[in-house]
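Asker: Take a look at this one; I'll ask things after.
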Amino acid sequence: MARGVDLSFGVVQATLSFDFALEGADIYKDRVAVEISKDEGVTYFLLDVIEEYSGKASGSLSYDITGFASAGTTIRFRVLDGYTDPKERFKLDNVAITYVKAKTTTYPALVDASPLHEKGIDGSGVTVAVIDTGYWSHPALALDTDNKYRVVARYDAILDVVETAEQLAIGDGESGPVSNANQDESGHGAHVASIALSSRKVDGKYNGIAPGANLLSVKAFDATGTATYMDVIKALDWVVKTRDVFNTRVLNLSFSSPPQSYYWEDPLNQAVMRAWQAGIVVVAAAGNTGPDPMTIGVPGNVPYIITVGALSDNFTPMDSSDDFVTTFSAAGPTVEGFVKPDVIAPGAHILGLMDPNAYLATKYPKYHDGWDAFTMSGTSQATAVVSGIAALMLQANPELTPDDVKCRLMASAYQALNPDGSLAFSILQQGAGRVDALDAVESTASGCANQGLDIAKDLEGIEHYGGPVNQDEKGNFYLVDAEGYTWSGGYTWSGGYTWSGGYTWSGGYTWSGGYTWSDGYTWSDGYTWSDGYTWSETNLSELPMADLHQWVEDDPQRQPGEVVNIGPSDGAVQGPASPTQRIFLPVVVR
């Protein structure tokens with residue numbers, strides 16, 4: 001006897017239960033197999049064997065069938081031996097499957113990634129490398145949208161150990177389970193990777209931005225969220241070295257460090273620049289030290305790469321019209337005068353995957369759903385959203401260079417506006433604005449990123465660059481053009497200007513005194529620039545990265561009249577708001 005059930009709508013836990021009764025003579029060994037299939041009965045797996053040796057027996061049994069939840073889940077009861085006499089009977093009653101449904105995520109719809117999924121643009125064929133705390137073999141991370149194993153490899157930069165896809169997978173991801181390997185004792189790495197890549201589907205919508213992309217997991221941080229500069233640089237170098245082996249096109253860096261030198265002198269930044277030069281789209285967190293100015297960290301202060309700040313959906317994911325830039329999101333300019341962040345993305349109370357036994361889940365249990373999901377916030381999470389969008393863009397157009405991806409992301413972004421059409425947030429807080437995946441994929445913009453910059457000369461020490469931001473005698477920041485003229489206050493952002501150009505460094509930028517923020521933030525402290533930091537292999541190996549498990553208060557929900565609009569409302573975004581009232585800081589390097 002067999003019965004089928006559809007469990008493909010995002011099940012995080014499923015249990016089969018039933019009551020049974022056995023009746024028969026004592027001279028027979030009567031055996032019934034309880035079997036389950038996830039492919040409509042093509043292949044069955046044995047759950048249990050129910051036996052009766054004499055007399056009568058009855059009871060209730062239950063089994064965890066979470067691993068077999070699919071559109072073709074089928075339960076079968078099959079006689080193995082015995083039951084040759086009409087008096088011998090096996091009775092079933094109250095056969096039931098109870099399940100816990102996964103929560104849906106709202107950010108794919110908020111950034112217009114869901115319409116691309118419906119068109120078959122899901123990141124397939126593109127590998128995203130994530131340098132973080134490691135890998136968790138959850139099915140939504142291990143398997144792509146075709147239920148195929150998609151982790152190309154994982155590298156532990158701390159131990160200098162590589163594991164290939166063949167070592168990580170058991171079976172092909174269809175006929176058998178994937179490895180239960182959990183390298184991510186922290187939970188941060190799995191959370192970040194799932195935002196970019198989760199292939200879980202709930203109510204017909206994917207939870208991740210690029211659910212079909214491949215994953216290259218690189219561990220440089222330990223369970224407590226700490227690492228050294230040397231380990232992160234080793235991880236970066238390995239990703240660049242193996243880029244052609246794994247077709248690595250996108251690199252996610254959800255960590256941030258206070259700068260110790262100019263961007264071109266920092267050895268970690270140099271490794272990041274080489275990744276960009278090698279053709280890898282590098283996406284980095286702005287940091288969670290905002291709203292003060294000049295708080296963009298390493299490697300987000302590298303002018304070439306895509307640096308991401310965070311926005312909040314204001315706890316109203318079904319209405320994008322009241323979204324705003326979070327107060328924790330780091331602001332520019334960089335010390336060299338570049339506009340950062342380049343773009344902003346959803347980064348407040350973001351739902352992602354996490355092992356319930358991970359460090360973060362056990363330290364902050366109220367933010368874990370008890371199954372496999374955790375809610376936290378930060379520019380780490382916003383960065384993962386943009387990394388996923390980059391994968392979508394590269395699937396749609398594999399010929400795009402990193403500069404092309406940056407240009408189109410920024411040119412297609414929506415800025416935060418006041419009702420009168422003026423900028424509600426400075427470009428030093430929101431960059432070009434909120435990313436939009438659909439518009440970025442369809443964009444034809446070109447030549448609008450990293451104008452006037454030469455990364456080869458920069459790395460060779462021939463030329464270094466400063467950005468278009470300077471400061472007047474009153475401490476106010478302003479933009480200048482190539483001839484030194486101040487940009488007009490009436491500039492129209494809808495034209496797609498990206499503010500990502502630069503000029504040959506002259507050393508003429510002076511940051512001191514009290515800074516006045518144009519929308520009301522007052523910066524009372526002068527910026528202290530320690531240009532005397534000396535880099536050496538010794539301090540690289542000993543320089544620690546700070547605890548990445550820090551918590552700060554979330555921005556409260558803003559009422560009508562207190563919010564600003566970021567671009568046009570694109571219609572309802574399905575899914576409930578998260579109830580969390582705190583945010584999570586990304587990795588911070590010290």
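Each chain in the structure tokens gets a letter, A, B, ..., in the order shown, and its residues are numbered from 1; ligands are numbered from 1 in order too.
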If you take only C-alpha atoms and a cut-off of 8 Å, which residues of range 271-326 of chain A touch range 384-399 of chain A, and what are their nearest atom pairs and distances in Å to one decimal, in chain and number order, as JSON lines?
Answerer:
{"residue": "A:Val281", "atom": "CA", "partner": "A:Ala390", "partner_atom": "CA", "distance": 7.5}
{"residue": "A:Val283", "atom": "CA", "partner": "A:Ser387", "partner_atom": "CA", "distance": 6.1}
{"residue": "A:Val308", "atom": "CA", "partner": "A:Val386", "partner_atom": "CA", "distance": 7.6}
Asker: Find the distance between CA of Ser446 in chain A and CA of Ala193 in chain A and write it in Å to one decimal.
Answerer: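 Computing it gives 28.9 Å between the two atoms.
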Asker: Which residue out of A:Ala271, A:Ile131, A:Ala416, A:Ala278 has the minimum interatomic distance to Lys219 in chain A when only C-alpha atoms are used?
Answerer: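 Smallest separation from Lys219 in chain A among the options: A:Ile131.
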Asker: Rounded to one decimal place, report the CA of Leu216 in chain A-CA of Val151 in chain A distance in Å.
Answerer: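 Those two atoms sit 6.0 Å apart.
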Asker: I'd like the neighbourhood of range 253-258 of chain A as a PyMOL selection string, where a residue qualifies if any of its atoms comes within 10 Å (using only C-alpha atoms), though same-chain residues fewer than 6 positions away should be ignored.
Answerer: chain A and resi 129-132+188-189+192+232+236+272+282-289+294-301+307-308+330+378-384+387+545-546+548+585-590
Asker: Please dump the current selection as an mmCIF file, in the first residue's frame; keep C-alpha atoms.
Answerer:
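What landed in part.cif:
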data_model
loop_
_atom_site.group_PDB
_atom_site.id
_atom_site.type_symbol
_atom_site.label_atom_id
_atom_site.label_comp_id
_atom_site.auth_asym_id
_atom_site.auth_seq_id
_atom_site.Cartn_x
_atom_site.Cartn_y
_atom_site.Cartn_z
ATOM 1 C CA ALA A 129 33.091 32.470 -3.517
ATOM 2 C CA VAL A 130 32.247 33.353 0.094
ATOM 3 C CA ILE A 131 35.163 34.073 2.446
ATOM 4 C CA ASP A 132 33.681 33.773 5.914
ATOM 5 C CA HIS A 188 27.737 33.555 10.050
ATOM 6 C CA GLY A 189 29.122 31.952 6.886
ATOM 7 C CA VAL A 192 25.581 34.998 4.421
ATOM 8 C CA VAL A 232 42.198 36.347 5.017
ATOM 9 C CA LEU A 236 41.933 35.793 -1.164
ATOM 10 C CA VAL A 272 41.331 42.326 -3.133
ATOM 11 C CA VAL A 282 34.353 41.699 -5.544
ATOM 12 C CA VAL A 283 31.468 42.767 -3.294
ATOM 13 C CA ALA A 284 32.357 44.036 0.192
ATOM 14 C CA ALA A 285 30.528 45.333 3.262
ATOM 15 C CA ALA A 286 30.654 49.037 4.044
ATOM 16 C CA GLY A 287 30.716 48.252 7.767
ATOM 17 C CA ASN A 288 28.312 48.831 10.664
ATOM 18 C CA THR A 289 29.910 51.905 12.235
ATOM 19 C CA MET A 294 34.587 58.298 6.989
ATOM 20 C CA THR A 295 33.636 55.023 8.651
ATOM 21 C CA ILE A 296 34.007 52.852 5.542
ATOM 22 C CA GLY A 297 36.365 50.015 6.422
ATOM 23 C CA VAL A 298 38.837 47.703 4.746
ATOM 24 C CA PRO A 299 38.292 46.327 2.118
ATOM 25 C CA GLY A 300 35.223 48.446 1.369
ATOM 26 C CA ASN A 301 37.494 51.485 0.971
ATOM 27 C CA THR A 307 30.907 48.475 -1.535
ATOM 28 C CA VAL A 308 27.466 47.901 -0.037
ATOM 29 C CA ALA A 330 28.863 53.049 7.468
ATOM 30 C CA GLY A 378 24.140 44.320 8.983
ATOM 31 C CA THR A 379 25.998 45.339 5.883
ATOM 32 C CA SER A 380 27.206 41.705 5.808
ATOM 33 C CA GLN A 381 23.706 40.669 4.839
ATOM 34 C CA ALA A 382 23.288 43.524 2.350
ATOM 35 C CA THR A 383 26.566 42.495 0.720
ATOM 36 C CA ALA A 384 25.286 38.954 0.165
ATOM 37 C CA SER A 387 26.683 39.226 -4.612
ATOM 38 C CA MET A 545 40.107 40.580 13.473
ATOM 39 C CA ALA A 546 37.599 41.637 16.097
ATOM 40 C CA LEU A 548 32.055 39.379 14.594
ATOM 41 C CA LEU A 585 27.206 43.496 13.153
ATOM 42 C CA PRO A 586 29.274 42.051 10.320
ATOM 43 C CA VAL A 587 32.826 40.845 10.669
ATOM 44 C CA VAL A 588 35.040 43.690 11.842
ATOM 45 C CA VAL A 589 38.801 43.643 11.471
ATOM 46 C CA ARG A 590 40.985 45.218 14.132
#
Asker: Can you list, as a VMD selection string, all residues belonging to range 299-427 of chain A that DSSP tags as alpha helix (DSSP H)?
Answerer: chain A and resid 359 to 363 379 to 396 402 to 411 427
Asker: If you count only C-alpha atoms, which residues fall within 9 Å of Ser198 in chain A, apart from same-chain ones fewer than 2 positions away, as JSON, numbers by chain?
Answerer: {"A": [139, 140, 141, 142, 143, 144, 193, 194, 195, 196, 200, 201, 206, 207, 208, 209, 210, 211, 212, 352, 353]}
